[in-house]
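Asks: Contents of final_8.csv (CSV, C-alpha atoms):
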chain,number,residue,atom,x,y,z
A,1,MET,CA,-7.2,-10.6,-15.1
A,2,HIS,CA,-6.0,-13.8,-16.8
A,3,GLU,CA,-7.3,-12.5,-20.2
A,4,LEU,CA,-3.7,-11.5,-21.0
A,5,SER,CA,-2.5,-15.1,-20.7
A,6,VAL,CA,-5.5,-16.3,-22.7
A,7,ALA,CA,-4.6,-13.8,-25.4
A,8,GLN,CA,-1.1,-15.2,-25.4
A,9,ASN,CA,-2.5,-18.7,-26.0
A,10,ILE,CA,-4.6,-17.4,-28.9
A,11,LEU,CA,-1.5,-15.9,-30.5
A,12,GLU,CA,0.4,-19.2,-30.1
A,13,ILE,CA,-2.4,-21.0,-31.8
A,14,ILE,CA,-2.4,-18.5,-34.7
A,15,GLN,CA,1.4,-19.0,-35.0
A,16,GLN,CA,0.8,-22.7,-35.5
A,17,HIS,CA,-1.7,-22.2,-38.3
A,18,VAL,CA,-0.7,-19.1,-40.2
A,19,PRO,CA,3.0,-18.4,-41.2
A,20,GLU,CA,4.2,-15.1,-39.9
A,21,SER,CA,4.7,-13.8,-43.5
A,22,GLU,CA,0.9,-14.0,-43.9
A,23,TRP,CA,0.0,-12.2,-40.7
A,24,THR,CA,-0.8,-8.9,-42.4
A,25,ARG,CA,-3.7,-10.7,-44.2
A,26,VAL,CA,-5.3,-12.0,-41.0
A,27,GLU,CA,-8.5,-10.1,-40.5
A,28,LYS,CA,-10.5,-11.9,-37.9
A,29,ILE,CA,-10.1,-14.6,-35.3
A,30,ARG,CA,-13.4,-16.2,-34.4
A,31,LEU,CA,-13.8,-17.4,-30.8
A,32,LYS,CA,-16.6,-19.1,-29.0
A,33,ILE,CA,-16.8,-18.1,-25.3
A,34,GLY,CA,-19.3,-19.4,-22.9
A,35,ALA,CA,-21.2,-17.0,-20.6
A,36,SER,CA,-19.8,-18.8,-17.6
A,37,ALA,CA,-16.3,-19.3,-18.9
A,38,GLY,CA,-15.0,-16.5,-16.6
A,39,ILE,CA,-13.7,-14.4,-19.5
A,40,VAL,CA,-14.5,-10.7,-20.0
A,41,PRO,CA,-14.7,-10.3,-23.8
A,42,GLU,CA,-13.6,-6.6,-23.7
A,43,SER,CA,-10.6,-7.5,-21.6
A,44,LEU,CA,-9.6,-10.2,-24.0
A,45,GLU,CA,-9.9,-8.0,-27.0
A,46,PHE,CA,-7.9,-5.3,-25.3
A,47,SER,CA,-5.2,-7.8,-24.3
A,48,PHE,CA,-5.0,-9.3,-27.7
A,49,GLN,CA,-4.5,-5.8,-29.3
A,50,ALA,CA,-1.9,-5.0,-26.7
A,51,ILE,CA,0.3,-8.0,-27.4
A,52,THR,CA,-0.1,-7.8,-31.2
A,53,ALA,CA,0.3,-4.0,-31.5
A,54,ASP,CA,4.0,-4.3,-32.6
A,55,THR,CA,3.4,-7.3,-34.9
A,56,ALA,CA,2.0,-7.8,-38.3
A,57,LEU,CA,-1.1,-9.0,-36.6
A,58,ARG,CA,-2.0,-5.5,-35.4
A,59,HIS,CA,-5.0,-5.2,-37.7
A,60,ALA,CA,-6.4,-8.5,-36.8
A,61,ARG,CA,-9.5,-8.4,-34.5
A,62,LEU,CA,-11.2,-11.0,-32.3
A,63,ASN,CA,-14.7,-11.8,-33.2
A,64,ILE,CA,-16.3,-13.3,-30.1
A,65,GLU,CA,-19.5,-15.4,-30.3
A,66,SER,CA,-21.0,-15.6,-26.8
A,67,ILE,CA,-22.4,-19.1,-26.0
A,68,PRO,CA,-25.3,-19.0,-23.4
A,69,PHE,CA,-25.2,-21.0,-20.2
A,70,ARG,CA,-27.8,-23.7,-20.9
A,71,ILE,CA,-29.1,-26.5,-18.8
A,72,HIS,CA,-31.5,-29.4,-19.3
A,73,CYS,CA,-33.8,-30.4,-16.5
A,74,ASN,CA,-34.3,-34.2,-16.1
A,75,SER,CA,-37.3,-33.6,-13.8
A,76,CYS,CA,-39.5,-31.4,-16.0
A,77,ASP,CA,-37.7,-32.1,-19.3
A,78,THR,CA,-37.1,-28.5,-20.3
A,79,THR,CA,-34.0,-26.7,-21.5
A,80,THR,CA,-33.4,-23.2,-20.2
A,81,GLU,CA,-30.7,-20.5,-20.5
A,82,ASN,CA,-29.4,-18.2,-17.8
A,83,ASP,CA,-26.3,-16.2,-17.8
A,84,ALA,CA,-26.1,-16.2,-14.0
A,85,GLY,CA,-24.8,-19.8,-14.2
A,86,TRP,CA,-27.5,-21.4,-12.1
A,87,ALA,CA,-27.5,-25.2,-12.3
A,88,VAL,CA,-30.9,-25.6,-10.7
A,89,CYS,CA,-34.0,-25.6,-13.0
A,90,LEU,CA,-35.6,-22.2,-13.2
A,91,HIS,CA,-38.9,-23.8,-14.0
A,92,CYS,CA,-39.4,-26.4,-11.3
A,93,GLY,CA,-36.4,-25.9,-9.0
A,94,SER,CA,-35.0,-29.4,-9.5
A,95,ALA,CA,-31.3,-30.0,-9.0
A,96,ASP,CA,-31.4,-32.9,-11.4
A,97,THR,CA,-30.0,-31.1,-14.3
A,98,LYS,CA,-27.3,-31.4,-17.0
A,99,ILE,CA,-25.2,-28.5,-18.1
A,100,LEU,CA,-25.3,-28.3,-21.9
A,101,SER,CA,-23.1,-25.3,-22.7
A,102,GLY,CA,-21.6,-22.1,-21.3
A,103,SER,CA,-18.0,-22.9,-20.3
A,104,GLU,CA,-16.5,-22.8,-23.9
A,105,LEU,CA,-13.3,-21.1,-24.5
A,106,ASP,CA,-12.6,-22.2,-28.1
A,107,ILE,CA,-10.9,-20.7,-31.2
A,108,SER,CA,-12.9,-21.8,-34.2
A,109,GLU,CA,-11.7,-20.0,-37.3
A,110,ILE,CA,-9.1,-17.5,-38.6
A,111,GLU,CA,-10.2,-15.3,-41.5
A,112,VAL,CA,-7.5,-14.4,-44.0
A,113,THR,CA,-7.8,-12.2,-47.0
A,114,GLU,CA,-6.6,-13.6,-50.4
A,115,PRO,CA,-4.2,-14.4,-52.0
A,116,GLU,CA,-3.0,-17.8,-51.1
A,117,LEU,CA,-2.7,-19.2,-47.6
A,118,GLU,CA,-0.5,-22.1,-46.9
A,119,MET,CA,-2.1,-24.2,-44.2
A,120,LEU,CA,0.3,-25.8,-41.8
B,1,MET,CA,-11.3,-14.4,-48.3
B,2,SER,CA,-10.1,-17.7,-47.0
B,3,ILE,CA,-11.0,-19.3,-43.7
B,4,VAL,CA,-8.8,-21.5,-41.7
B,5,THR,CA,-11.0,-23.8,-39.6
B,6,ILE,CA,-9.3,-24.6,-36.3
B,7,GLU,CA,-11.8,-25.7,-33.6
B,8,ARG,CA,-9.3,-25.9,-30.8
B,9,LYS,CA,-9.5,-25.1,-27.1
B,10,VAL,CA,-7.7,-21.9,-26.4
B,11,LEU,CA,-6.2,-23.4,-23.2
B,12,GLU,CA,-5.4,-26.8,-24.7
B,13,LYS,CA,-1.7,-26.4,-23.9
B,14,ASN,CA,-2.5,-26.1,-20.3
B,15,ASP,CA,-4.9,-29.0,-20.5
B,16,GLU,CA,-2.2,-31.2,-22.0
B,17,LEU,CA,0.2,-30.3,-19.2
B,18,ALA,CA,-2.5,-30.9,-16.7
B,19,LEU,CA,-3.0,-34.4,-18.2
B,20,GLN,CA,0.8,-35.0,-17.8
B,21,ASN,CA,0.6,-33.9,-14.1
B,22,ARG,CA,-2.4,-36.2,-13.6
B,23,LYS,CA,-0.4,-39.2,-14.8
B,24,VAL,CA,2.5,-38.3,-12.5
B,25,PHE,CA,0.0,-38.1,-9.5
B,26,GLN,CA,-1.6,-41.4,-10.6
B,27,GLN,CA,1.8,-43.1,-10.8
B,28,ALA,CA,2.8,-41.8,-7.3
B,29,GLY,CA,-0.6,-42.8,-5.9
B,30,ALA,CA,-1.2,-39.3,-4.6
B,31,PHE,CA,-4.7,-37.8,-4.1
B,32,VAL,CA,-4.4,-34.2,-5.1
B,33,ILE,CA,-6.6,-31.2,-4.0
B,34,ASN,CA,-6.5,-27.7,-5.4
B,35,ILE,CA,-7.7,-25.2,-2.7
B,36,VAL,CA,-9.1,-22.0,-4.1
B,37,SER,CA,-10.7,-18.9,-2.5
B,38,SER,CA,-10.5,-15.2,-2.4
B,39,PRO,CA,-7.6,-13.7,-0.5
B,40,GLY,CA,-7.9,-13.9,3.3
B,41,SER,CA,-10.6,-16.6,3.4
B,42,GLY,CA,-8.2,-18.8,5.4
B,43,LYS,CA,-6.7,-21.3,3.0
B,44,THR,CA,-3.4,-21.5,4.7
B,45,SER,CA,-5.0,-21.6,8.2
B,46,ILE,CA,-7.2,-24.5,7.0
B,47,LEU,CA,-4.1,-26.2,5.7
B,48,GLU,CA,-2.3,-25.8,9.0
B,49,ARG,CA,-5.3,-27.3,11.0
B,50,THR,CA,-5.5,-30.1,8.4
B,51,LEU,CA,-1.8,-30.9,8.7
B,52,GLU,CA,-2.0,-30.8,12.5
B,53,HIS,CA,-5.0,-33.1,12.5
B,54,LEU,CA,-3.7,-35.6,9.9
B,55,LYS,CA,-0.1,-35.7,11.4
B,56,GLY,CA,1.0,-39.4,11.6
B,57,ARG,CA,-2.1,-40.5,9.7
B,58,LEU,CA,-1.3,-39.4,6.1
B,59,ARG,CA,1.9,-38.6,4.3
B,60,ILE,CA,1.2,-35.1,2.9
B,61,ALA,CA,3.1,-32.7,0.7
B,62,VAL,CA,2.2,-29.1,-0.2
B,63,ILE,CA,2.6,-26.8,-3.2
B,64,GLU,CA,2.0,-23.2,-2.2
B,65,GLY,CA,1.1,-20.6,-4.8
B,66,ASP,CA,1.4,-16.9,-4.0
B,67,VAL,CA,1.9,-13.7,-6.0
B,68,GLN,CA,4.8,-12.7,-3.8
B,69,THR,CA,6.7,-14.0,-0.7
B,70,ASP,CA,7.2,-17.5,0.7
B,71,PHE,CA,5.4,-16.7,4.0
B,72,ASP,CA,2.9,-19.5,3.5
B,73,ALA,CA,5.6,-22.1,2.7
B,74,GLN,CA,7.3,-21.1,5.9
B,75,ARG,CA,4.1,-21.5,7.9
B,76,VAL,CA,3.5,-25.0,6.3
B,77,ALA,CA,7.1,-26.1,6.7
B,78,LYS,CA,6.7,-25.9,10.5
B,79,PHE,CA,4.6,-29.1,10.3
B,80,GLY,CA,7.5,-31.1,8.9
B,81,VAL,CA,5.9,-31.8,5.5
B,82,PRO,CA,7.6,-31.3,2.1
B,83,VAL,CA,6.6,-28.0,0.6
B,84,VAL,CA,7.5,-26.1,-2.6
B,85,GLN,CA,6.6,-22.5,-3.0
B,86,ILE,CA,5.6,-21.1,-6.4
B,87,VAL,CA,5.9,-17.3,-6.6
B,88,THR,CA,3.9,-16.1,-9.6
B,89,ASN,CA,5.4,-12.6,-9.6
B,90,GLY,CA,2.1,-10.9,-10.3
B,91,GLY,CA,0.4,-13.8,-12.1
B,92,CYS,CA,-3.1,-14.2,-10.8
B,93,HIS,CA,-3.4,-18.0,-10.9
B,94,LEU,CA,-1.4,-21.2,-10.9
B,95,ASP,CA,-1.3,-23.1,-14.2
B,96,ALA,CA,-0.3,-26.7,-15.0
B,97,ASN,CA,3.1,-25.6,-16.2
B,98,LEU,CA,4.0,-23.9,-12.9
B,99,VAL,CA,2.8,-27.0,-11.0
B,100,GLN,CA,4.9,-29.2,-13.3
B,101,ASP,CA,8.0,-27.1,-12.5
B,102,ALA,CA,7.2,-27.4,-8.8
B,103,LEU,CA,6.9,-31.2,-9.1
B,104,GLY,CA,10.5,-31.2,-10.4
B,105,ASN,CA,11.6,-30.0,-7.0
B,106,MET,CA,9.5,-32.5,-5.0
B,107,ASP,CA,9.7,-36.2,-4.4
B,108,LEU,CA,6.2,-37.6,-4.5
B,109,LYS,CA,7.3,-41.1,-3.6
B,110,GLY,CA,5.1,-42.3,-0.7
B,111,ILE,CA,3.0,-39.1,-0.7
B,112,GLN,CA,-0.7,-40.0,-0.2
B,113,LEU,CA,-2.1,-36.5,-0.3
B,114,LEU,CA,-0.8,-33.5,-2.2
B,115,VAL,CA,-2.4,-30.1,-1.4
B,116,ILE,CA,-2.0,-27.3,-3.9
B,117,GLU,CA,-2.9,-23.9,-2.4
B,118,ASN,CA,-3.8,-21.7,-5.3
B,119,VAL,CA,-3.3,-17.9,-5.5
B,120,GLY,CA,-6.1,-16.1,-3.6
B,121,ASN,CA,-8.5,-15.3,-6.5
B,122,LEU,CA,-12.0,-16.6,-7.3
B,123,VAL,CA,-11.9,-15.9,-11.0
B,124,CYS,CA,-8.8,-16.8,-12.9
B,125,PRO,CA,-7.8,-20.2,-11.3
B,126,ALA,CA,-11.1,-21.6,-12.5
B,127,ASN,CA,-9.8,-21.8,-16.1
B,128,TYR,CA,-6.6,-23.6,-15.3
B,129,ASP,CA,-6.7,-27.4,-14.7
B,130,LEU,CA,-3.6,-28.3,-12.7
B,131,GLY,CA,-4.2,-32.1,-12.9
B,132,GLU,CA,-5.8,-32.2,-9.5
B,133,HIS,CA,-8.5,-34.7,-8.5
B,134,ILE,CA,-10.8,-32.1,-6.9
B,135,LYS,CA,-11.1,-28.4,-6.3
B,136,VAL,CA,-11.9,-27.3,-2.8
B,137,VAL,CA,-13.4,-23.8,-2.6
B,138,VAL,CA,-13.3,-21.9,0.7
B,139,ALA,CA,-15.8,-19.2,1.5
B,140,SER,CA,-15.6,-17.5,4.9
B,141,THR,CA,-18.5,-16.0,6.8
B,142,THR,CA,-16.8,-12.6,6.8
B,143,GLU,CA,-17.3,-12.4,3.0
B,144,GLY,CA,-21.0,-12.5,3.2
B,145,ASP,CA,-23.4,-15.1,1.7
B,146,ASP,CA,-23.5,-14.1,-2.0
B,147,LYS,CA,-20.0,-15.3,-3.1
B,148,PRO,CA,-21.3,-18.4,-5.0
B,149,LEU,CA,-23.6,-16.3,-7.1
B,150,LYS,CA,-20.9,-13.7,-7.8
B,151,TYR,CA,-18.3,-16.3,-8.8
B,152,PRO,CA,-20.4,-19.2,-10.2
B,153,THR,CA,-17.6,-20.7,-12.4
B,154,MET,CA,-15.4,-21.5,-9.5
B,155,PHE,CA,-18.2,-22.8,-7.3
B,156,ARG,CA,-19.4,-25.0,-10.2
B,157,GLN,CA,-16.0,-26.6,-10.6
B,158,ALA,CA,-15.5,-27.3,-6.9
B,159,SER,CA,-16.4,-30.6,-5.3
B,160,VAL,CA,-16.2,-29.3,-1.8
B,161,LEU,CA,-17.1,-26.0,-0.1
B,162,LEU,CA,-15.5,-25.2,3.2
B,163,VAL,CA,-17.4,-22.5,5.0
B,164,ASN,CA,-14.7,-21.1,7.2
B,165,LYS,CA,-14.7,-18.7,10.2
B,166,ILE,CA,-18.0,-20.3,11.3
B,167,ASP,CA,-17.3,-19.1,14.8
B,168,LEU,CA,-17.7,-15.5,13.6
B,169,LEU,CA,-21.2,-16.1,12.4
B,170,PRO,CA,-22.9,-14.2,15.3
B,171,TYR,CA,-20.9,-11.1,14.5
B,172,VAL,CA,-21.0,-10.8,10.7
B,173,ASN,CA,-23.6,-10.1,8.1
B,174,CYS,CA,-23.8,-13.6,6.7
B,175,ASN,CA,-26.8,-15.9,6.6
B,176,LEU,CA,-25.4,-19.4,6.6
B,177,ALA,CA,-28.6,-21.1,5.2
B,178,GLU,CA,-28.6,-18.5,2.4
B,179,LEU,CA,-24.9,-19.1,1.7
B,180,LYS,CA,-25.4,-22.8,1.3
B,181,ALA,CA,-28.6,-22.3,-0.7
B,182,ASN,CA,-26.7,-20.0,-3.1
B,183,ALA,CA,-23.9,-22.5,-3.5
B,184,PHE,CA,-26.4,-25.3,-4.3
B,185,LYS,CA,-28.1,-23.1,-7.0
B,186,ILE,CA,-24.7,-23.1,-8.8
B,187,ASN,CA,-23.6,-26.6,-7.8
B,188,PRO,CA,-26.3,-29.0,-6.4
B,189,THR,CA,-23.7,-31.7,-5.6
B,190,LEU,CA,-21.3,-29.7,-3.5
B,191,LYS,CA,-20.1,-31.3,-0.3
B,192,VAL,CA,-20.2,-28.7,2.5
B,193,PHE,CA,-18.2,-28.6,5.7
B,194,GLU,CA,-18.6,-25.8,8.3
B,195,ILE,CA,-15.3,-25.1,9.9
B,196,SER,CA,-13.4,-22.8,12.2
B,197,CYS,CA,-9.6,-22.7,12.4
B,198,THR,CA,-9.8,-20.9,15.7
B,199,THR,CA,-12.1,-23.3,17.6
B,200,ASN,CA,-11.3,-26.3,15.4
B,201,GLN,CA,-15.1,-26.8,14.8
B,202,GLY,CA,-15.6,-29.2,11.8
B,203,ILE,CA,-11.9,-29.8,11.2
B,204,ALA,CA,-12.2,-33.5,12.3
B,205,GLU,CA,-15.2,-34.1,10.0
B,206,TRP,CA,-13.4,-32.4,7.0
B,207,CYS,CA,-10.2,-34.4,7.7
B,208,ARG,CA,-12.2,-37.7,8.1
B,209,TRP,CA,-13.8,-37.1,4.7
B,210,LEU,CA,-10.4,-36.2,3.1
B,211,GLU,CA,-8.9,-39.4,4.6
B,212,GLN,CA,-11.7,-41.4,3.0
B,213,GLN,CA,-10.9,-39.9,-0.4
B,214,VAL,CA,-7.2,-40.8,0.0
B,215,GLN,CA,-8.1,-44.4,0.9
B,216,HIS,CA,-10.5,-44.6,-2.0
B,217,ASN,CA,-7.8,-43.3,-4.4
B,218,TYR,CA,-5.5,-46.1,-3.2
B,219,HIS,CA,-7.9,-48.9,-4.1
Would you mind giving the structure from this file in structure tokens?
Replies:
Amino acid sequence: MHELSVAQNILEIIQQHVPESEWTRVEKIRLKIGASAGIVPESLEFSFQAITADTALRHARLNIESIPFRIHCNSCDTTTENDAGWAVCLHCGSADTKILSGSELDISEIEVTEPELEML
Amino acid sequence: MSIVTIERKVLEKNDELALQNRKVFQQAGAFVINIVSSPGSGKTSILERTLEHLKGRLRIAVIEGDVQTDFDAQRVAKFGVPVVQIVTNGGCHLDANLVQDALGNMDLKGIQLLVIENVGNLVCPANYDLGEHIKVVVASTTEGDDKPLKYPTMFRQASVLLVNKIDLLPYVNCNLAELKANAFKINPTLKVFEISCTTNQGIAEWCRWLEQQVQHNYH
């Protein structure tokens, strides 16, 4: 449900990096979202399209890379992935684990077609 | 094609405001908890029992978050503590900005414990740091025993699990051992208290622990 406010934050970050006069050239916004970040990618895409529909960004699309929930077990020294977000080791059941990834909610790149782009 | 490399956190604006709130809490010497749960788990009832139990022992203030109405603030105000109500008008979570606004209407001087009761929602509040020291998640027995597995992000971020409505255990379809086992699969370091706001079971233990955290925060 909070994907709309997340989309608003993405728009604000784009505003800080790409001048509005260049918005028609923005093609993709690359995001990294962890499997356990609590974000529904489809909802975020929908929300972003909804808030940009009346702007020069209306053709820009989110490109979401899903980052797996990954833990390392200190007991059996293995690294495993599970999208259910379990922090106990699926191999040996140990609770002595370290979470490596899965809670990301990052914007990594904006792809803009030529010509020139003035970076702010 | 040109590529603008950004590598920024989408919610960095919230995180920055949360950091500012954290500094305010630190300066005031207040220990701050953010209570989260699904609607109807008993957050406000737990708060009432906690205020009752800690009356005269700790100086407490409360920020209430609700989608609509100030009913909860009215309930809490009866205990004679400073309370500010945030009405989100449809918003599904509190964010650091809303809490910062609320702090503008609250004098934290001398406050040892600030309780922020979030909007009833086990999903969205997980993404928004408010500047609190810990999150306290409430799961009531009437909700069954699978909540931690369904909402792992929230249970992972919490430091404490309050299993509420423990007095109803004989009447509801909830296996307590299973509920706790599920919570530990997501977060092995969770501190768990079994409580009832009707019989007061476990309230003293929870409040004792809370008092210890406040003392610890002071030193």
Asks: What are the residues of chain B lining chain A at 8 Å or less? Count only C-alpha atoms, and put the answer as a list in words.
Replies: Met1, Ser2, Ile3, Val4, Thr5, Ile6, Glu7, Arg8, Lys9, Val10, Leu11, Gly91, Cys92, His93, Val123, Cys124, Ala126, Asn127, Leu149, Pro152, Thr153, Phe184, Lys185, Ile186, Asn187 and Pro188 of chain B
Asks: Give me the residues near range 99-109 of chain B as a CSV table (one decimal) with C-alpha atoms, in the coordinates of the input, where near means some atom within 9 Å (using only C-alpha atoms) and where sequence neighbours in that chain fewer than 4 positions away do not count.
Replies:
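What ended up in part.csv:
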chain,number,residue,atom,x,y,z
B,17,LEU,CA,0.2,-30.3,-19.2
B,18,ALA,CA,-2.5,-30.9,-16.7
B,20,GLN,CA,0.8,-35.0,-17.8
B,21,ASN,CA,0.6,-33.9,-14.1
B,24,VAL,CA,2.5,-38.3,-12.5
B,25,PHE,CA,0.0,-38.1,-9.5
B,28,ALA,CA,2.8,-41.8,-7.3
B,29,GLY,CA,-0.6,-42.8,-5.9
B,30,ALA,CA,-1.2,-39.3,-4.6
B,61,ALA,CA,3.1,-32.7,0.7
B,63,ILE,CA,2.6,-26.8,-3.2
B,82,PRO,CA,7.6,-31.3,2.1
B,83,VAL,CA,6.6,-28.0,0.6
B,84,VAL,CA,7.5,-26.1,-2.6
B,85,GLN,CA,6.6,-22.5,-3.0
B,86,ILE,CA,5.6,-21.1,-6.4
B,94,LEU,CA,-1.4,-21.2,-10.9
B,95,ASP,CA,-1.3,-23.1,-14.2
B,114,LEU,CA,-0.8,-33.5,-2.2
B,116,ILE,CA,-2.0,-27.3,-3.9
B,130,LEU,CA,-3.6,-28.3,-12.7
B,131,GLY,CA,-4.2,-32.1,-12.9
Asks: Between CA of Phe79 in chain B and CA of Ala158 in chain B, measure the distance and give it in Å to one decimal.
Replies: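 Interatomic distance here is 26.5 Å.
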Asks: What is the CA of Lys191 in chain B-CA of Asn118 in chain B distance in Å, reported with one decimal?
Replies: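 Between CA of Lys191 in chain B and CA of Asn118 in chain B the gap is 19.6 Å.
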Asks: Which is closer to Gln49 in chain A than all the others in A:Glu65, A:Ile71, A:Leu4, A:Thr24, using only C-alpha atoms?
Replies: A:Leu4
Asks: Can you measure CA of Asp83 in chain A to CA of Leu122 in chain B for me? One decimal in Å is fine.
Replies: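 These two atoms are separated by 17.7 Å.
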Asks: Excluding Asn217 in chain B and its own-chain neighbours fewer than 5 positions away, which residues fall within 10 Å of it when counting only C-alpha atoms? Please give them as a PyMOL selection string.
Replies: chain B and resi 26+29-32+112-113+133+211-212
Asks: Print the selection's residues with C-alpha atoms to a file, as an mmCIF file, in the frame of the given file.
Replies:
data_model
loop_
_atom_site.group_PDB
_atom_site.id
_atom_site.type_symbol
_atom_site.label_atom_id
_atom_site.label_comp_id
_atom_site.auth_asym_id
_atom_site.auth_seq_id
_atom_site.Cartn_x
_atom_site.Cartn_y
_atom_site.Cartn_z
ATOM 1 C CA GLN B 26 -1.600 -41.400 -10.600
ATOM 2 C CA GLY B 29 -0.600 -42.800 -5.900
ATOM 3 C CA ALA B 30 -1.200 -39.300 -4.600
ATOM 4 C CA PHE B 31 -4.700 -37.800 -4.100
ATOM 5 C CA VAL B 32 -4.400 -34.200 -5.100
ATOM 6 C CA GLN B 112 -0.700 -40.000 -0.200
ATOM 7 C CA LEU B 113 -2.100 -36.500 -0.300
ATOM 8 C CA HIS B 133 -8.500 -34.700 -8.500
ATOM 9 C CA GLU B 211 -8.900 -39.400 4.600
ATOM 10 C CA GLN B 212 -11.700 -41.400 3.000
#
Asks: Determine, counting all atoms listed in the file, which protein, DNA and RNA residues have an atom within 9 Å of an atom of Glu45 in chain A; residues of the same chain fewer than 3 positions away are not included. Present the result as a ChimeraX atom specification.
Replies: /A:3,7,40-42,48-50,61-64
